[in-house]
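K.L.:
Contents of data.tsv (TSV, N, CA and C atoms):
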chain	number	residue	atom	x	y	z
F	10	LEU	N	88.73	21.45	87.97
F	10	LEU	CA	87.78	21.55	89.07
F	10	LEU	C	86.36	21.74	88.58
F	11	ASP	N	86.21	22.41	87.44
F	11	ASP	CA	84.88	22.64	86.91
F	11	ASP	C	84.21	21.34	86.46
F	12	MET	N	85.00	20.33	86.18
F	12	MET	CA	84.46	19.05	85.71
F	12	MET	C	84.01	18.16	86.85
F	13	ILE	N	84.35	18.51	88.07
F	13	ILE	CA	83.97	17.68	89.23
F	13	ILE	C	82.73	18.27	89.88
F	14	ASP	N	81.67	17.48	89.92
F	14	ASP	CA	80.43	17.93	90.55
F	14	ASP	C	80.40	17.42	91.98
F	15	LEU	N	80.80	18.28	92.92
F	15	LEU	CA	80.90	17.87	94.32
F	15	LEU	C	79.53	17.50	94.90
F	16	HIS	N	78.51	18.23	94.49
F	16	HIS	CA	77.17	17.92	95.01
F	16	HIS	C	76.72	16.52	94.58
F	17	GLU	N	76.98	16.19	93.33
F	17	GLU	CA	76.62	14.85	92.83
F	17	GLU	C	77.37	13.76	93.60
F	18	LEU	N	78.65	13.99	93.87
F	18	LEU	CA	79.44	13.03	94.64
F	18	LEU	C	78.91	12.90	96.07
F	19	GLU	N	78.54	14.02	96.69
F	19	GLU	CA	77.97	13.98	98.04
F	19	GLU	C	76.70	13.15	98.06
F	20	VAL	N	75.83	13.38	97.08
F	20	VAL	CA	74.56	12.65	97.00
F	20	VAL	C	74.83	11.16	96.81
F	21	GLU	N	75.78	10.83	95.96
F	21	GLU	CA	76.10	9.42	95.71
F	21	GLU	C	76.63	8.74	96.97
F	22	ILE	N	77.51	9.41	97.70
F	22	ILE	CA	78.06	8.84	98.94
F	22	ILE	C	76.95	8.71	99.98
F	23	ALA	N	76.10	9.72	100.08
F	23	ALA	CA	75.04	9.73	101.09
F	23	ALA	C	73.99	8.65	100.82
F	24	GLN	N	73.94	8.09	99.63
F	24	GLN	CA	72.98	7.03	99.32
F	24	GLN	C	73.35	5.70	99.99
F	25	ASN	N	74.59	5.59	100.44
F	25	ASN	CA	74.99	4.39	101.17
F	25	ASN	C	74.21	4.34	102.48
F	26	THR	N	73.59	3.20	102.79
F	26	THR	CA	72.75	3.10	103.98
F	26	THR	C	73.53	3.30	105.28
F	27	TRP	N	74.83	3.16	105.25
F	27	TRP	CA	75.65	3.32	106.45
F	27	TRP	C	76.17	4.75	106.63
F	28	VAL	N	75.84	5.66	105.71
F	28	VAL	CA	76.32	7.03	105.78
F	28	VAL	C	75.19	7.96	106.24
F	29	ARG	N	75.46	8.73	107.29
F	29	ARG	CA	74.48	9.71	107.78
F	29	ARG	C	74.61	11.01	106.99
F	30	LYS	N	75.85	11.46	106.75
F	30	LYS	CA	76.07	12.73	106.07
F	30	LYS	C	77.42	12.70	105.36
F	31	ALA	N	77.48	13.30	104.19
F	31	ALA	CA	78.74	13.41	103.45
F	31	ALA	C	78.92	14.85	103.00
F	32	GLU	N	80.14	15.34	103.14
F	32	GLU	CA	80.46	16.70	102.73
F	32	GLU	C	81.80	16.69	102.00
F	33	LEU	N	81.84	17.24	100.80
F	33	LEU	CA	83.05	17.33	100.00
F	33	LEU	C	83.30	18.79	99.65
F	34	PHE	N	84.56	19.19	99.73
F	34	PHE	CA	84.91	20.56	99.33
F	34	PHE	C	86.39	20.65	99.03
F	35	PHE	N	86.73	21.65	98.23
F	35	PHE	CA	88.12	21.98	97.95
F	35	PHE	C	88.52	23.16	98.82
F	36	ASP	N	89.71	23.09	99.41
F	36	ASP	CA	90.20	24.23	100.18
F	36	ASP	C	90.93	25.20	99.25
F	37	ASN	N	91.50	26.25	99.83
F	37	ASN	CA	92.19	27.27	99.03
F	37	ASN	C	93.42	26.74	98.29
F	38	ASN	N	93.96	25.61	98.73
F	38	ASN	CA	95.11	25.00	98.07
F	38	ASN	C	94.69	23.95	97.05
F	39	LEU	N	93.39	23.91	96.76
F	39	LEU	CA	92.81	22.96	95.81
F	39	LEU	C	92.97	21.50	96.24
F	40	VAL	N	92.94	21.29	97.54
F	40	VAL	CA	92.97	19.94	98.10
F	40	VAL	C	91.54	19.52	98.40
F	41	LEU	N	91.17	18.36	97.91
F	41	LEU	CA	89.82	17.84	98.14
F	41	LEU	C	89.71	17.30	99.56
F	42	HIS	N	88.69	17.73	100.29
F	42	HIS	CA	88.40	17.23	101.64
F	42	HIS	C	87.07	16.47	101.57
F	43	VAL	N	87.07	15.29	102.16
F	43	VAL	CA	85.86	14.47	102.21
F	43	VAL	C	85.58	14.16	103.67
F	44	ASN	N	84.45	14.66	104.16
F	44	ASN	CA	84.02	14.37	105.53
F	44	ASN	C	82.78	13.50	105.47
F	45	VAL	N	82.87	12.33	106.07
F	45	VAL	CA	81.76	11.39	106.08
F	45	VAL	C	81.42	11.06	107.52
F	46	ILE	N	80.16	11.20	107.86
F	46	ILE	CA	79.68	10.80	109.18
F	46	ILE	C	78.87	9.53	108.99
F	47	GLU	N	79.34	8.47	109.65
F	47	GLU	CA	78.68	7.18	109.52
F	47	GLU	C	77.53	7.05	110.52
F	48	LYS	N	76.59	6.21	110.18
F	48	LYS	CA	75.54	5.86	111.14
F	48	LYS	C	76.15	4.92	112.15
F	49	GLU	N	75.75	5.04	113.40
F	49	GLU	CA	76.34	4.25	114.48
F	49	GLU	C	75.35	3.18	114.96
F	50	PRO	N	75.64	1.91	114.70
F	50	PRO	CA	74.75	0.87	115.21
F	50	PRO	C	74.86	0.76	116.73
F	51	VAL	N	73.72	0.58	117.39
F	51	VAL	CA	73.71	0.47	118.85
F	51	VAL	C	73.18	-0.87	119.34
F	52	ALA	N	72.51	-1.62	118.46
F	52	ALA	CA	71.96	-2.92	118.86
F	52	ALA	C	71.81	-3.82	117.64
F	53	ARG	N	72.02	-5.11	117.86
F	53	ARG	CA	71.76	-6.12	116.82
F	53	ARG	C	70.44	-6.77	117.18
F	54	VAL	N	69.54	-6.86	116.23
F	54	VAL	CA	68.19	-7.33	116.48
F	54	VAL	C	67.92	-8.58	115.65
F	55	PHE	N	67.31	-9.56	116.31
F	55	PHE	CA	66.79	-10.74	115.62
F	55	PHE	C	65.28	-10.74	115.81
F	56	THR	N	64.54	-10.77	114.71
F	56	THR	CA	63.09	-10.75	114.80
F	56	THR	C	62.56	-12.14	115.14
F	57	GLU	N	61.27	-12.20	115.41
F	57	GLU	CA	60.63	-13.47	115.76
F	57	GLU	C	60.73	-14.50	114.64
F	58	ASN	N	60.81	-14.03	113.39
F	58	ASN	CA	60.89	-14.99	112.27
F	58	ASN	C	62.33	-15.26	111.83
F	59	GLY	N	63.31	-14.69	112.57
F	59	GLY	CA	64.71	-15.01	112.30
F	59	GLY	C	65.49	-14.02	111.47
F	60	SER	N	64.84	-12.98	110.92
F	60	SER	CA	65.62	-11.99	110.18
F	60	SER	C	66.40	-11.13	111.17
F	61	SER	N	67.43	-10.45	110.67
F	61	SER	CA	68.31	-9.70	111.56
F	61	SER	C	68.73	-8.40	110.92
F	62	PHE	N	68.95	-7.38	111.76
F	62	PHE	CA	69.41	-6.07	111.33
F	62	PHE	C	69.98	-5.33	112.54
F	63	TYR	N	70.55	-4.16	112.30
F	63	TYR	CA	71.03	-3.30	113.37
F	63	TYR	C	70.04	-2.16	113.57
F	64	ILE	N	70.01	-1.61	114.76
F	64	ILE	CA	69.32	-0.35	115.03
F	64	ILE	C	70.41	0.68	115.27
F	65	ASP	N	70.30	1.84	114.59
F	65	ASP	CA	71.33	2.87	114.76
F	65	ASP	C	70.94	3.85	115.86
F	66	SER	N	71.85	4.78	116.14
F	66	SER	CA	71.67	5.71	117.26
F	66	SER	C	70.48	6.64	117.08
F	67	SER	N	69.98	6.79	115.86
F	67	SER	CA	68.80	7.64	115.64
F	67	SER	C	67.52	6.82	115.60
F	68	GLY	N	67.61	5.51	115.83
F	68	GLY	CA	66.43	4.65	115.83
F	68	GLY	C	66.09	4.08	114.46
F	69	GLY	N	66.98	4.26	113.51
F	69	GLY	CA	66.75	3.73	112.17
F	69	GLY	C	67.22	2.28	112.06
F	70	ARG	N	66.82	1.67	110.99
F	70	ARG	CA	67.16	0.27	110.72
F	70	ARG	C	68.34	0.23	109.76
F	71	LEU	N	69.38	-0.55	110.09
F	71	LEU	CA	70.54	-0.71	109.23
F	71	LEU	C	70.67	-2.18	108.84
F	72	PRO	N	71.00	-2.46	107.58
F	72	PRO	CA	71.19	-3.84	107.18
F	72	PRO	C	72.51	-4.38	107.73
F	73	LEU	N	72.62	-5.69	107.78
F	73	LEU	CA	73.88	-6.31	108.17
F	73	LEU	C	74.91	-6.06	107.08
F	74	SER	N	76.17	-6.08	107.46
F	74	SER	CA	77.25	-5.82	106.52
F	74	SER	C	78.09	-7.07	106.32
F	75	ASP	N	78.48	-7.33	105.07
F	75	ASP	CA	79.39	-8.45	104.77
F	75	ASP	C	80.82	-8.11	105.15
F	76	LYS	N	81.12	-6.82	105.30
F	76	LYS	CA	82.49	-6.37	105.50
F	76	LYS	C	82.88	-6.22	106.96
F	77	MET	N	81.90	-6.19	107.86
F	77	MET	CA	82.23	-5.98	109.27
F	77	MET	C	81.13	-6.53	110.15
F	78	SER	N	81.48	-6.75	111.40
F	78	SER	CA	80.48	-7.05	112.41
F	78	SER	C	80.79	-6.17	113.61
F	79	VAL	N	79.77	-5.83	114.35
F	79	VAL	CA	79.91	-4.91	115.45
F	79	VAL	C	79.64	-5.65	116.75
F	80	ASN	N	80.49	-5.42	117.77
F	80	ASN	CA	80.32	-6.07	119.06
F	80	ASN	C	79.23	-5.34	119.85
F	81	LEU	N	78.00	-5.82	119.70
F	81	LEU	CA	76.84	-5.24	120.35
F	81	LEU	C	76.05	-6.32	121.07
F	82	ARG	N	75.21	-5.91	121.97
F	82	ARG	CA	74.31	-6.87	122.60
F	82	ARG	C	73.23	-7.23	121.59
F	83	VAL	N	72.78	-8.47	121.68
F	83	VAL	CA	71.79	-9.01	120.76
F	83	VAL	C	70.42	-8.95	121.40
F	84	PHE	N	69.46	-8.40	120.67
F	84	PHE	CA	68.07	-8.37	121.12
F	84	PHE	C	67.30	-9.39	120.29
F	85	THR	N	66.64	-10.31	120.97
F	85	THR	CA	65.91	-11.38	120.28
F	85	THR	C	64.41	-11.22	120.50
F	86	SER	N	63.64	-11.97	119.73
F	86	SER	CA	62.18	-11.96	119.80
F	86	SER	C	61.58	-10.60	119.50
F	87	PHE	N	62.29	-9.80	118.70
F	87	PHE	CA	61.78	-8.50	118.28
F	87	PHE	C	60.62	-8.76	117.33
F	88	PRO	N	59.48	-8.07	117.50
F	88	PRO	CA	58.35	-8.31	116.59
F	88	PRO	C	58.72	-7.98	115.15
F	89	GLU	N	58.21	-8.74	114.23
F	89	GLU	CA	58.49	-8.52	112.81
F	89	GLU	C	57.88	-7.20	112.37
F	90	VAL	N	58.68	-6.38	111.70
F	90	VAL	CA	58.24	-5.07	111.22
F	90	VAL	C	58.48	-5.00	109.72
F	91	ASN	N	57.43	-4.71	108.99
F	91	ASN	CA	57.57	-4.53	107.54
F	91	ASN	C	57.40	-3.06	107.23
F	92	GLY	N	58.46	-2.43	106.75
F	92	GLY	CA	58.38	-1.01	106.40
F	92	GLY	C	58.68	-0.09	107.56
F	93	VAL	N	57.84	0.91	107.76
F	93	VAL	CA	58.06	1.97	108.74
F	93	VAL	C	57.59	1.53	110.12
F	94	TRP	N	58.32	1.98	111.17
F	94	TRP	CA	57.91	1.66	112.53
F	94	TRP	C	56.56	2.32	112.82
F	95	ASN	N	55.64	1.60	113.48
F	95	ASN	CA	54.45	2.26	113.99
F	95	ASN	C	54.77	2.78	115.38
F	96	SER	N	53.82	3.40	116.07
F	96	SER	CA	54.12	4.04	117.36
F	96	SER	C	54.57	3.02	118.41
F	97	LYS	N	53.97	1.83	118.40
F	97	LYS	CA	54.38	0.79	119.35
F	97	LYS	C	55.81	0.33	119.05
F	98	ASP	N	56.12	0.14	117.76
F	98	ASP	CA	57.47	-0.25	117.35
F	98	ASP	C	58.48	0.83	117.71
F	99	SER	N	58.10	2.09	117.49
F	99	SER	CA	59.00	3.20	117.80
F	99	SER	C	59.33	3.24	119.29
F	100	ALA	N	58.33	3.00	120.13
F	100	ALA	CA	58.57	2.97	121.58
F	100	ALA	C	59.51	1.82	121.94
F	101	LEU	N	59.32	0.66	121.31
F	101	LEU	CA	60.18	-0.49	121.55
F	101	LEU	C	61.62	-0.18	121.10
F	102	VAL	N	61.77	0.45	119.95
F	102	VAL	CA	63.09	0.82	119.45
F	102	VAL	C	63.78	1.78	120.41
F	103	GLN	N	63.04	2.75	120.94
F	103	GLN	CA	63.62	3.69	121.91
F	103	GLN	C	64.08	2.96	123.17
F	104	ASP	N	63.29	1.99	123.63
F	104	ASP	CA	63.69	1.19	124.80
F	104	ASP	C	64.94	0.37	124.50
F	105	VAL	N	65.00	-0.22	123.31
F	105	VAL	CA	66.18	-0.99	122.90
F	105	VAL	C	67.41	-0.09	122.89
F	106	LYS	N	67.28	1.11	122.35
F	106	LYS	CA	68.40	2.05	122.33
F	106	LYS	C	68.87	2.39	123.74
F	107	LYS	N	67.92	2.65	124.65
F	107	LYS	CA	68.28	3.01	126.03
F	107	LYS	C	69.00	1.86	126.73
F	108	ILE	N	68.43	0.67	126.63
F	108	ILE	CA	69.03	-0.49	127.31
F	108	ILE	C	70.40	-0.79	126.71
F	109	SER	N	70.48	-0.80	125.40
F	109	SER	CA	71.75	-1.08	124.74
F	109	SER	C	72.81	-0.05	125.12
F	110	GLY	N	72.43	1.22	125.12
F	110	GLY	CA	73.37	2.28	125.51
F	110	GLY	C	73.87	2.10	126.92
F	111	TYR	N	72.97	1.73	127.83
F	111	TYR	CA	73.37	1.54	129.22
F	111	TYR	C	74.35	0.37	129.34
F	112	VAL	N	74.02	-0.74	128.70
F	112	VAL	CA	74.87	-1.93	128.77
F	112	VAL	C	76.22	-1.67	128.11
F	113	LEU	N	76.21	-1.04	126.93
F	113	LEU	CA	77.45	-0.78	126.19
F	113	LEU	C	78.43	0.10	126.95
F	114	HIS	N	77.92	0.98	127.79
F	114	HIS	CA	78.79	1.92	128.50
F	114	HIS	C	79.09	1.50	129.93
F	115	ASP	N	78.83	0.25	130.26
F	115	ASP	CA	79.11	-0.25	131.60
F	115	ASP	C	79.84	-1.59	131.48
F	116	GLU	N	81.09	-1.63	131.91
F	116	GLU	CA	81.91	-2.84	131.80
F	116	GLU	C	81.26	-4.05	132.45
F	117	PHE	N	80.68	-3.84	133.63
F	117	PHE	CA	80.06	-4.94	134.35
F	117	PHE	C	78.93	-5.55	133.53
F	118	TRP	N	78.01	-4.70	133.03
F	118	TRP	CA	76.87	-5.23	132.28
F	118	TRP	C	77.30	-5.81	130.94
F	119	MET	N	78.32	-5.25	130.31
F	119	MET	CA	78.82	-5.83	129.06
F	119	MET	C	79.35	-7.25	129.30
F	120	ALA	N	79.98	-7.46	130.44
F	120	ALA	CA	80.52	-8.78	130.76
F	120	ALA	C	79.41	-9.76	131.16
F	121	GLN	N	78.31	-9.25	131.69
F	121	GLN	CA	77.26	-10.12	132.21
F	121	GLN	C	76.16	-10.46	131.20
F	122	VAL	N	75.88	-9.55	130.29
F	122	VAL	CA	74.72	-9.72	129.40
F	122	VAL	C	75.18	-10.05	127.99
F	123	ALA	N	74.71	-11.19	127.48
F	123	ALA	CA	75.03	-11.59	126.11
F	123	ALA	C	73.84	-11.36	125.18
F	124	GLN	N	72.64	-11.45	125.74
F	124	GLN	CA	71.43	-11.38	124.93
F	124	GLN	C	70.33	-10.73	125.74
F	125	ILE	N	69.45	-10.03	125.05
F	125	ILE	CA	68.30	-9.41	125.69
F	125	ILE	C	67.07	-9.79	124.89
F	126	SER	N	66.13	-10.42	125.57
F	126	SER	CA	64.93	-10.89	124.90
F	126	SER	C	63.80	-9.86	125.07
F	127	CYS	N	63.15	-9.53	123.97
F	127	CYS	CA	62.00	-8.61	123.99
F	127	CYS	C	60.76	-9.46	124.29
F	128	GLU	N	60.15	-9.23	125.43
F	128	GLU	CA	58.99	-10.01	125.84
F	128	GLU	C	57.70	-9.39	125.29
F	129	LYS	N	56.65	-10.21	125.17
F	129	LYS	CA	55.37	-9.77	124.61
F	129	LYS	C	54.73	-8.65	125.41
F	130	ASP	N	54.99	-8.63	126.73
F	130	ASP	CA	54.36	-7.62	127.59
F	130	ASP	C	55.12	-6.29	127.60
F	131	GLY	N	56.18	-6.17	126.77
F	131	GLY	CA	56.94	-4.94	126.69
F	131	GLY	C	58.14	-4.90	127.60
F	132	SER	N	58.34	-5.94	128.40
F	132	SER	CA	59.50	-6.01	129.28
F	132	SER	C	60.66	-6.65	128.53
F	133	PHE	N	61.81	-6.70	129.19
F	133	PHE	CA	63.01	-7.28	128.60
F	133	PHE	C	63.61	-8.26	129.58
F	134	GLU	N	64.12	-9.37	129.06
F	134	GLU	CA	64.79	-10.37	129.88
F	134	GLU	C	66.27	-10.38	129.50
F	135	LEU	N	67.13	-10.14	130.50
F	135	LEU	CA	68.57	-10.14	130.29
F	135	LEU	C	69.10	-11.55	130.44
F	136	VAL	N	69.83	-12.03	129.44
F	136	VAL	CA	70.36	-13.39	129.43
F	136	VAL	C	71.87	-13.35	129.50
F	137	PRO	N	72.47	-14.01	130.53
F	137	PRO	CA	73.95	-14.00	130.65
F	137	PRO	C	74.60	-14.80	129.52
Produce structure tokens that represent the structure in this file.
P.N.:
Amino acid sequence: LDMIDLHELEVEIAQNTWVRKAELFFDNNLVLHVNVIEKEPVARVFTENGSSFYIDSSGGRLPLSDKMSVNLRVFTSFPEVNGVWNSKDSALVQDVKKISGYVLHDEFWMAQVAQISCEKDGSFELVP
């Protein structure tokens, strides 16, 4: 047990962009427990120039994964953002999270809406 650096392992696991938090510990029976909390994607975004990523439940940006795809509503015409969100981008991300959350938790809207377009004036257009 002295040879295993749990903190180093936690840090290594937490470096994965899809991991929010990692916790490793041994119980009294010397059984290793690994608790990992994943980031939860809430929307798939396509920018105006065609790049794509997910927005997670905390408003962060997640890269696409080769190993999985998530059944989410697609937001198109998202303004291109390089680096950190500015205040206008942050407000848009919060709106995307709210709309996506509403649609995802309502069977009717999930069946009706396939795409949501981000308009230049800050409004959204729902596309069946």
K.L.:
In Å to one decimal, how far is atom CA of F:Val54 from atom CA of F:Met119?
P.N.:
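One can read the atom CA of F:Met119 to atom CA of F:Val54 distance as 16.5 Å.
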K.L.:
Using all atoms listed in the file for the distances, tell me which of F:Leu33, F:Val28, F:Val40, F:Ile125 is nearest to F:His16.
P.N.:
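Of the candidates, the smallest distance to F:His16 is held by F:Leu33.
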K.L.:
Using Å and a single decimal, report how far atom C of F:Val102 sits from atom N of F:Lys76.
P.N.:
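Spanning atom N of F:Lys76 to atom C of F:Val102 is a straight-line distance of 24.6 Å.
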K.L.:
Find the axis-aligned box for stretch 66-76 of chain F, covering all its listed atoms and adding 5 Å on each side, and write its centre and edge lengths in Å to one decimal as lines of an AutoDock Vina configuration file.
P.N.:
center_x = 74.5
center_y = -0.4
center_z = 111.0
size_x = 26.8
size_y = 26.1
size_z = 22.5
K.L.:
Between F:Arg29, F:Leu15, F:Arg82, F:Asp65, which is the closest to F:Val43 once you count only C-alpha atoms?
P.N.:
F:Leu15
K.L.:
Can you work out the spacing between atom CA of F:Pro72 and atom CA of F:Asp130 in Å, to one decimal?
P.N.:
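Distance between the two atoms: 26.7 Å.
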K.L.:
Mind the document's chain letters and residue numbers, and return as a list in words the residues of stretch 71-130 of chain F that DSSP labels helix (DSSP H, G or I).
P.N.:
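Those in stretch 71-130 of chain F that DSSP calls helix (DSSP H, G or I) are Ser96, Lys97, Asp98, Ser99, Ala100, Leu101, Val102, Gln103, Asp104, Val105, Lys106, Lys107, Ile108, Ser109, Gly110, Tyr111, Val112, Leu113, Glu116, Phe117, Trp118, Met119, Ala120 and Gln121 of chain F.
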K.L.:
For F:Gly110, which residue out of F:Glu89, F:Glu49, F:Asp14, F:Asp36 is the nearest one, using only C-alpha atoms?
P.N.:
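Ranking F:Glu89, F:Glu49, F:Asp14, F:Asp36 by distance to F:Gly110, first place goes to F:Glu49.
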K.L.:
Run DSSP on the backbone and give me the residues of stretch 23-122 of chain F it puts in strand (DSSP E), as a PyMOL selection string.
P.N.:
chain F and resi 28-35+41-47+50-56+61-65+70-71+83-87
